[in-house]
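S.K.: This is the structure, below, for whatever I ask next.
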Amino acid sequence: MPAFLETVAQELYAQHGEQMSTMTIVFPNWRSGLTFQRYLASQLSRPMWAPKVQSIEQFIQSISPLQPAPPLTLIAQLYEVFQAALPRHSEAIQQESLAQFYHQGATLLQDFDMVDRYLVEAPHLFRDLSHQKALNATYDYLTDAQKAAILSFWQSFEKRLSTHQQSFLALWKVLPQVYAQLSTQLRAQGLGYTGLCQRAAYEALQQGTTAVAAAHLVFVGFNVLSPVEEKILAWCHAHMPVDFYWDVDAYYMENDLQEAGDYLRVYQQRPYFQQSFTRPFPSRIQEADRRICLTAVASEVGQVHNLVTQLQALINDQGADFAPHKTAIIVAQEALLTPLLHALPTREDIPIHVAMGYPLHNTTSYQLLEQLLALQVAAAQEDWPTGYLATQYVLPLLRRLSLLSHDLNTLAQQRYQQMLRDGAGYVAQRALHGLGTLAQTWFTLLQPPDNPAQYLRDSLRALQAATPASPDRIRTIEHKGTTQLLEVLAQLTTLLQHSPTPPTSMDAFGQLLRQYTRPLRLPLAQAQGSAIQVLSILEARNLDFDNVFILGMNEGHFPAQTTPSSFIPYNLRCGHGLPTADKHQASLFAYHFYRLLQRAQQVFITYSTQTVAGSPSEMSRYLWQLLYESGLPVTTHVAPQPLQVHTPSPNIVPK
């Protein structure tokens with residue numbers, strides 16, 4: 001069965017031939033575009049100019065009058081605007097430092113980004129309606145259900161207010177001013193966050209102050225569009241040649257109870273999308289002959305070993321016919337990525353392509369920064385003896401030294417064992433400097449004028465110099481992590497140089513560093529070629545594989561139930577048409593799950609039955625749907641847990 005992107009490449013080339021060079025083809029993400037280009041190249045009998053391929057964000061950014069600003073720049077500007085907008089009597093809040101404000105500022109930026117992506121009128125959203133019994137005419141664009149949701153939220157403010165409600169109202173009253181002032185400042189500088197850039201692009205198209213630099217547009221493989229994206233696509237459809245390609249199946253398009261088709265069933269009613277949905281819908285999910293194997297494993301990491309066993313059996317069964325690029329491993333639970341990388345076979349004839357982003361805070365380089373910060377925070381205490389370091393923070397650093405090289409191994413091990421024997425709570429700084437240049441850098445005591453970011457950068461550079469190069473998969477990740485952390489520290493240094501309230505302590509600086517690095521991911525993509533693909537479910541959009549392995553498909557991980565932090569309550573999100581986790585997230589994951597099944601021949605799914613925090617793990621709701629709704633032949637297995645009985649032997653202590 002040909003892949004979706006392969007079919008699109010064949011149809012476009014058959015219809016337009018070399019005229020495709022004038023087209024711009026837009027995909028949900030850049031990985032889909034790369035795969036499409038490979039399929040298109042396989043259709044050609046002679047060289048031709050390739051069409052322009054862009055992700056939806058790149059396309060909208062190309063017509064926007066604003067440029068995306070760095071995250072730290074946005075947080076710093078929002079901090080200044082927010083502090084200026086606070087009432088003068090809020091002295092306790094006004095003294096909040098940038099490090100303390102960072103998490104709150106990141107949450108506000110996410111909310112503002114969502115407001116602009118969904119074209120919500122900010123003054124209507126951030127309005128105190130606690131004393132209104134009905135919504136006035138300015139809310140006529142809302143449905144009756146949306147108005148009811150908004151009023152149901154504000155009805156709880158009619159009685160005596162709790163402390164939490166008072167704090168919420170105090171913040172809510174300044175948000176209209178903060179949003180308006182930040183938007184004005186950013187637009188004046190030609191900058192913006194993603195949502196503001198996209199809203200400015202749509203406004204510029206309407207006003208005729210920008211143009212789409214393409215003779216023909218093709219939009220491929222979309223299933224959920226934000227309102228601003230949909231408006232831009234509708235504008236393009238009305239003003240220039242546009243084609244739309246949808247990857248759908250009758251299983252969820254013709255059943256209103258299937259959340260996988262919630263958005264697509266709405267889009268097929270839109271006048272600008274209607275003709276691009278061809279009927280009858282294909283029925284690949286239920287008509288194709290495929291093997292689906294569902295395995296329950298008693299532990300989290302045990303899923304990895306079970307998957308690797310199934311993968312090895314598949315490779316052995318297919319032998320020379322095994323095509324690595326037609327096999328994908330979908331990691332539903334991010335915590336299983338590291339054990340998976342360790343467990344995957346290292347064979348030259350079967351390369352592994354890791355397309356997932358690896359959490360930066362999981363690298364050993366970041367853990368080193370945490371240990372160095374803890375060392376300096378302890379030494380900065382008022383009653384701490386001058387020239388001494390805390391033994392509990394020195395010991396793990398000595399362990400790191402002992403693993404770097406043979407020369408350091410002996411010295412560090414000796415010092416480590418001596419400190420364990422002594423049992424002292426302090427160790428003199430000068431006693432550690434004899435361990436080499438790296439130890440001198442790490443065990444430097446900072447004074448108040450010293451720059452903590454520079455100290456951490458010097459420590460990482462010294463670590464890089466002492467670490468031998470290695471082609472090992474994990475070592476490569478660590479090298480990338482060190483490089484990105486150096487960039488992060490450089491950015492923080494620049495920010496703090498221009499900040500009116502820079503962190504005054506190592507503890508405050510550490511708080512800022514943690515908040516900034518927490519969402520960062522390392523790009524692990526390598527040369528594509530013919531390799532087994534390791535992906536998250538969102539990175540697998542529009543891609544098709546013959547063999548699909550899904551790792552960790554438990555409820556709470558697939559679909560993800562991590563609701564992002566937000567100052568906008570649930571009822572107000574519903575009332576103003578903003579996405580909610582119970583509908584948007586469930587529909588998004590359901591579509592991508594069933595789309596993987598449409599062309600797969602063999603599907604291997606594992607989930608954990610391990611009880612976590614007193615709550616038993618349950619398989620994903622989509623697996624229950626497969627078992628009880630789909631009618632598909634699904635084989636279920638329980639992976640045996642090996643039990644080993646050890647004969648007790650007495651511990652004899654001679655006297």
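Please note that chains go A, B, ... in the order of the structure tokens, that every chain numbers its residues from 1, and that ligands are numbered from 1 in the order shown.
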Write out as a list in words each polymer residue whose atoms come within 10 Å of Leu108 of chain A, counting only C-alpha atoms; drop sequence neighbours fewer than 3 positions from it.
M.R.: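 Once the adjacent positions are removed, what remains is Ile75, Leu78, Tyr102, His103, Gln104, Gly105, Asp111, Phe112, Asp113, Met114, Leu175, Val178, Tyr179, Ser565, Ser566, Phe567 and Ile568 of chain A.
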S.K.: I'd like the neighbourhood of Arg621 of chain A as a PyMOL selection string, where a residue qualifies if any of its atoms comes within 9 Å (using only C-alpha atoms), though same-chain residues fewer than 2 positions away should be ignored.
M.R.: chain A and resi 554-555+558-559+618-619+623-626
S.K.: Let's see if you can do this: from backbone DSSP, list all alpha helix (DSSP H) residues in segment 382-516 of chain A, as a ChimeraX atom specification.
M.R.: /A:391-402,406-422,437-442,452-466,473-497,506-516
S.K.: For a quick check of understanding, using only C-alpha atoms, which of A:Gln67, A:Thr35, A:Thr483, A:Thr24 has the smallest distance to Ala3 of chain A?
M.R.: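 With only C-alpha atoms as the atom set, the closest residue is A:Thr35.
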S.K.: For Glu478 of chain A, which of A:Ala200, A:Ala380, A:Leu368, A:Cys236 is the closest residue, counting only C-alpha atoms?
M.R.: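 For Glu478 of chain A, the nearest of the candidates is A:Leu368.
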S.K.: Can you pull out the residues contacting Asn451 of chain A? Cut-off 12 Å, using only C-alpha atoms, and skip same-chain residues under 5 positions away; I want them as a list in words.
M.R.: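 Using only C-alpha atoms, the neighbours found are Leu445, Leu446, Leu456, Arg457, Asp458, Leu489, Ala490, Leu492, Thr493, Thr494, Leu496, Gln497, Pro502, Pro503, Thr504, Ser505, Met506 and Phe509 of chain A.
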S.K.: Please determine, counting only C-alpha atoms, which residue among A:His325, A:Arg31, A:His353, A:His576 has the shortest atom-to-atom distance to Ala145 of chain A.
M.R.: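 Comparing A:His325, A:Arg31, A:His353, A:His576 against Ala145 of chain A, the winner is A:His576.
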S.K.: Please provide the set of residues having any atom within 9 Å of Arg284 of chain A, restricted to only C-alpha atoms, with same-chain residues fewer than 3 positions apart removed, written as a ChimeraX atom specification.
M.R.: /A:249-251,287-288,597-599
S.K.: Let me see the file: selected residues, all heavy atoms, as a short mmCIF file (atom, residue, chain, number, x, y, z; two decimals), in the first residue's frame.
M.R.:
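Once everything was written out, this is result-v9.cif:
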```cif
data_model
loop_
_atom_site.label_atom_id
_atom_site.label_comp_id
_atom_site.auth_asym_id
_atom_site.auth_seq_id
_atom_site.Cartn_x
_atom_site.Cartn_y
_atom_site.Cartn_z
N ASP A 249 -9.95 8.47 6.76
CA ASP A 249 -10.45 7.10 6.67
C ASP A 249 -11.92 7.09 7.07
O ASP A 249 -12.34 7.86 7.96
CB ASP A 249 -9.64 6.17 7.57
CG ASP A 249 -9.91 4.71 7.28
OD1 ASP A 249 -10.87 4.15 7.85
OD2 ASP A 249 -9.17 4.12 6.47
N ALA A 250 -12.67 6.21 6.44
CA ALA A 250 -14.10 6.14 6.72
C ALA A 250 -14.39 5.74 8.16
O ALA A 250 -15.44 6.07 8.70
CB ALA A 250 -14.76 5.15 5.76
N TYR A 251 -13.45 5.05 8.81
CA TYR A 251 -13.68 4.56 10.17
C TYR A 251 -14.03 5.69 11.12
O TYR A 251 -14.92 5.53 11.98
CB TYR A 251 -12.43 3.82 10.65
CG TYR A 251 -12.53 3.29 12.05
CD1 TYR A 251 -13.34 2.19 12.35
CD2 TYR A 251 -11.84 3.90 13.09
CE1 TYR A 251 -13.44 1.71 13.65
CE2 TYR A 251 -11.93 3.41 14.39
CZ TYR A 251 -12.73 2.33 14.66
OH TYR A 251 -12.84 1.85 15.94
N GLU A 287 -10.49 -2.68 6.34
CA GLU A 287 -10.44 -3.60 5.22
C GLU A 287 -9.06 -4.21 5.02
O GLU A 287 -8.94 -5.29 4.45
CB GLU A 287 -10.88 -2.89 3.93
CG GLU A 287 -12.36 -2.51 3.94
CD GLU A 287 -12.78 -1.83 2.65
OE1 GLU A 287 -11.91 -1.67 1.76
OE2 GLU A 287 -13.96 -1.46 2.52
N ALA A 288 -8.00 -3.53 5.45
CA ALA A 288 -6.65 -4.04 5.22
C ALA A 288 -6.37 -5.23 6.14
O ALA A 288 -6.91 -5.33 7.25
CB ALA A 288 -5.62 -2.94 5.45
N LEU A 597 -2.40 3.37 11.81
CA LEU A 597 -2.94 2.04 11.49
C LEU A 597 -3.38 1.92 10.04
O LEU A 597 -3.53 0.80 9.54
CB LEU A 597 -4.13 1.72 12.40
CG LEU A 597 -3.89 1.70 13.92
CD1 LEU A 597 -5.17 1.29 14.63
CD2 LEU A 597 -2.76 0.77 14.28
N GLN A 598 -3.61 3.04 9.36
CA GLN A 598 -4.23 3.00 8.04
C GLN A 598 -3.42 2.20 7.03
O GLN A 598 -3.98 1.50 6.19
CB GLN A 598 -4.47 4.42 7.53
CG GLN A 598 -5.58 5.14 8.27
CD GLN A 598 -5.74 6.60 7.88
OE1 GLN A 598 -6.45 7.35 8.55
NE2 GLN A 598 -5.09 7.02 6.81
N ARG A 599 -2.09 2.29 7.10
CA ARG A 599 -1.25 1.62 6.10
C ARG A 599 -0.25 0.65 6.71
O ARG A 599 0.57 0.09 5.98
CB ARG A 599 -0.54 2.67 5.24
CG ARG A 599 -1.50 3.55 4.45
CD ARG A 599 -0.77 4.69 3.76
NE ARG A 599 -1.68 5.54 3.03
CZ ARG A 599 -2.36 6.55 3.57
NH1 ARG A 599 -2.19 6.83 4.85
NH2 ARG A 599 -3.18 7.27 2.85
#
```
S.K.: Within 9 Å of segment 583-593 of chain A, which residues of segment 221-336 of chain A come that close, and what is the closest atom pair and distance in Å for each? Count only C-alpha atoms and give it as a Markdown table.
M.R.:
```
| residue | atom | partner | partner_atom | distance |
| --- | --- | --- | --- | --- |
| A:Asn223 | CA | A:Tyr591 | CA | 7.8 |
| A:Val224 | CA | A:Leu588 | CA | 7.2 |
| A:Tyr252 | CA | A:Tyr591 | CA | 8.5 |
| A:Gln258 | CA | A:Ala590 | CA | 8.4 |
| A:Glu259 | CA | A:Ser587 | CA | 5.0 |
| A:Ala260 | CA | A:Tyr591 | CA | 4.1 |
| A:Gly261 | CA | A:Tyr591 | CA | 6.7 |
| A:Asp262 | CA | A:Ser587 | CA | 6.6 |
| A:Tyr263 | CA | A:Ser587 | CA | 7.8 |
```
S.K.: Report the distance between atom CA of Leu294 of chain A and atom CA of Val534 of chain A in Å, rounded to one decimal place.
M.R.: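 About the pair atom CA of Leu294 of chain A and atom CA of Val534 of chain A: they are 19.1 Å apart.
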S.K.: Using only C-alpha atoms, can you tell me which of A:Leu34, A:Ile532, A:Leu495, A:Val120 comes closest to Gly575 of chain A?
M.R.: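 Checking each of A:Leu34, A:Ile532, A:Leu495, A:Val120 against Gly575 of chain A, counting only C-alpha atoms, the winner is A:Val120.
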S.K.: Please, what distance in Å, to one decimal, runs between atom CA of Asn29 of chain A and atom CA of Tyr570 of chain A?
M.R.: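 Answer for the atom CA of Asn29 of chain A to atom CA of Tyr570 of chain A separation: 28.6 Å.
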S.K.: Neighbours of Ala204 of chain A within 12 Å (only C-alpha atoms; same-chain residues fewer than 2 positions away dropped), as an mmCIF file with N, CA, C and O atoms, in the first residue's frame?
M.R.:
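Okay, this is what ended up in out.cif:
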```
data_model
loop_
_atom_site.group_PDB
_atom_site.id
_atom_site.type_symbol
_atom_site.label_atom_id
_atom_site.label_comp_id
_atom_site.auth_asym_id
_atom_site.auth_seq_id
_atom_site.Cartn_x
_atom_site.Cartn_y
_atom_site.Cartn_z
ATOM 1 N N ILE A 60 3.581 30.849 7.294
ATOM 2 C CA ILE A 60 2.932 32.029 7.871
ATOM 3 C C ILE A 60 3.969 33.072 8.255
ATOM 4 O O ILE A 60 3.761 34.277 8.076
ATOM 5 N N GLN A 61 5.123 32.616 8.755
ATOM 6 C CA GLN A 61 6.168 33.564 9.124
ATOM 7 C C GLN A 61 6.689 34.323 7.910
ATOM 8 O O GLN A 61 7.079 35.487 8.008
ATOM 9 N N SER A 62 6.678 33.684 6.738
ATOM 10 C CA SER A 62 7.181 34.343 5.526
ATOM 11 C C SER A 62 6.309 35.505 5.083
ATOM 12 O O SER A 62 6.772 36.372 4.334
ATOM 13 N N ILE A 63 5.042 35.549 5.528
ATOM 14 C CA ILE A 63 4.157 36.652 5.143
ATOM 15 C C ILE A 63 3.876 37.590 6.316
ATOM 16 O O ILE A 63 3.118 38.556 6.176
ATOM 17 N N SER A 64 4.466 37.304 7.478
ATOM 18 C CA SER A 64 4.211 38.134 8.658
ATOM 19 C C SER A 64 5.139 39.336 8.681
ATOM 20 O O SER A 64 6.326 39.218 8.361
ATOM 21 N N PRO A 65 4.643 40.499 9.084
ATOM 22 C CA PRO A 65 5.518 41.677 9.221
ATOM 23 C C PRO A 65 6.367 41.651 10.486
ATOM 24 O O PRO A 65 7.232 42.510 10.661
ATOM 25 N N LEU A 66 6.140 40.665 11.371
ATOM 26 C CA LEU A 66 6.883 40.572 12.625
ATOM 27 C C LEU A 66 7.839 39.386 12.585
ATOM 28 O O LEU A 66 7.559 38.368 11.940
ATOM 29 N N CYS A 197 2.840 36.902 15.794
ATOM 30 C CA CYS A 197 3.342 36.926 14.416
ATOM 31 C C CYS A 197 2.287 36.404 13.444
ATOM 32 O O CYS A 197 2.098 36.964 12.348
ATOM 33 N N GLN A 198 1.583 35.347 13.835
ATOM 34 C CA GLN A 198 0.574 34.782 12.948
ATOM 35 C C GLN A 198 -0.645 35.688 12.843
ATOM 36 O O GLN A 198 -1.221 35.843 11.757
ATOM 37 N N ARG A 199 -1.025 36.308 13.944
ATOM 38 C CA ARG A 199 -2.163 37.238 13.885
ATOM 39 C C ARG A 199 -1.818 38.440 13.017
ATOM 40 O O ARG A 199 -2.652 38.900 12.221
ATOM 41 N N ALA A 200 -0.585 38.936 13.139
ATOM 42 C CA ALA A 200 -0.151 40.060 12.309
ATOM 43 C C ALA A 200 -0.118 39.673 10.834
ATOM 44 O O ALA A 200 -0.418 40.501 9.957
ATOM 45 N N ALA A 201 0.226 38.415 10.537
ATOM 46 C CA ALA A 201 0.239 37.952 9.145
ATOM 47 C C ALA A 201 -1.167 37.966 8.563
ATOM 48 O O ALA A 201 -1.376 38.415 7.423
ATOM 49 N N TYR A 202 -2.146 37.485 9.323
ATOM 50 C CA TYR A 202 -3.526 37.480 8.830
ATOM 51 C C TYR A 202 -4.048 38.906 8.641
ATOM 52 O O TYR A 202 -4.700 39.214 7.629
ATOM 53 N N GLN A 206 -5.317 40.755 5.094
ATOM 54 C CA GLN A 206 -6.599 41.442 4.948
ATOM 55 C C GLN A 206 -6.426 42.891 4.497
ATOM 56 O O GLN A 206 -7.210 43.399 3.681
ATOM 57 N N GLN A 207 -5.391 43.546 5.004
ATOM 58 C CA GLN A 207 -5.162 44.955 4.674
ATOM 59 C C GLN A 207 -4.404 45.143 3.364
ATOM 60 O O GLN A 207 -4.254 46.278 2.908
ATOM 61 N N GLY A 208 -3.904 44.055 2.795
ATOM 62 C CA GLY A 208 -3.173 44.144 1.541
ATOM 63 C C GLY A 208 -1.761 44.670 1.681
ATOM 64 O O GLY A 208 -1.170 45.129 0.694
ATOM 65 N N THR A 209 -1.190 44.610 2.871
ATOM 66 C CA THR A 209 0.172 45.124 3.083
ATOM 67 C C THR A 209 1.230 44.033 2.958
ATOM 68 O O THR A 209 2.409 44.292 3.152
ATOM 69 N N THR A 210 0.815 42.800 2.675
ATOM 70 C CA THR A 210 1.763 41.714 2.432
ATOM 71 C C THR A 210 1.196 40.828 1.339
ATOM 72 O O THR A 210 0.021 40.938 0.985
ATOM 73 N N ALA A 211 2.028 39.967 0.785
ATOM 74 C CA ALA A 211 1.600 39.097 -0.309
ATOM 75 C C ALA A 211 2.251 37.732 -0.141
ATOM 76 O O ALA A 211 3.308 37.591 0.479
ATOM 77 N N VAL A 212 1.598 36.717 -0.712
ATOM 78 C CA VAL A 212 2.126 35.359 -0.697
ATOM 79 C C VAL A 212 2.985 35.181 -1.943
ATOM 80 O O VAL A 212 2.510 35.328 -3.061
ATOM 81 N N ILE A 232 -6.121 32.098 7.283
ATOM 82 C CA ILE A 232 -5.094 32.354 6.269
ATOM 83 C C ILE A 232 -5.274 31.400 5.090
ATOM 84 O O ILE A 232 -5.162 31.814 3.923
ATOM 85 N N TRP A 235 -8.166 32.637 3.070
ATOM 86 C CA TRP A 235 -7.790 33.806 2.260
ATOM 87 C C TRP A 235 -7.019 33.369 1.026
ATOM 88 O O TRP A 235 -7.264 33.877 -0.086
#
```
S.K.: Please indicate the distance in Å from atom CA of Pro633 of chain A to atom CA of Ala600 of chain A, rounded to one decimal place.
M.R.: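 If I compute the distance from atom CA of Pro633 of chain A to atom CA of Ala600 of chain A, I get 13.9 Å.
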S.K.: Which polymer residues have any atom within 9 Å of an atom of Pro71 of chain A, counting only C-alpha atoms, with same-chain residues fewer than 4 positions away left out, as a PyMOL selection string?
M.R.: chain A and resi 75-76+106+193+516
S.K.: Near His361 of chain A, counting only C-alpha atoms, which residues have an atom at most 10 Å away, once you skip same-chain residues fewer than 3 positions from it, shown as a list in words?
M.R.: Tyr358, Thr364, Ser365, Tyr366, Gln367, Leu369, Glu370, Gly481, Leu485, Arg514, Thr517, Arg518, Pro519, Leu520, Arg521 and Leu522 of chain A
S.K.: Extract the full set of strand (DSSP E or B) residues from segment 269-426 of chain A according to DSSP on the backbone, and format it as a list in words.
M.R.: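 Residues of segment 269-426 of chain A classed as strand (DSSP E or B): Arg291, Ile292, Cys293, Leu294, Thr295, Ala296, Val297, Thr327, Ala328, Ile329, Ile330, Val331, Arg347, Ile350, Ile352, His353, Val354, Gly357, Tyr358, Pro359, Tyr388, Leu389, Ala390 and Tyr426 of chain A.
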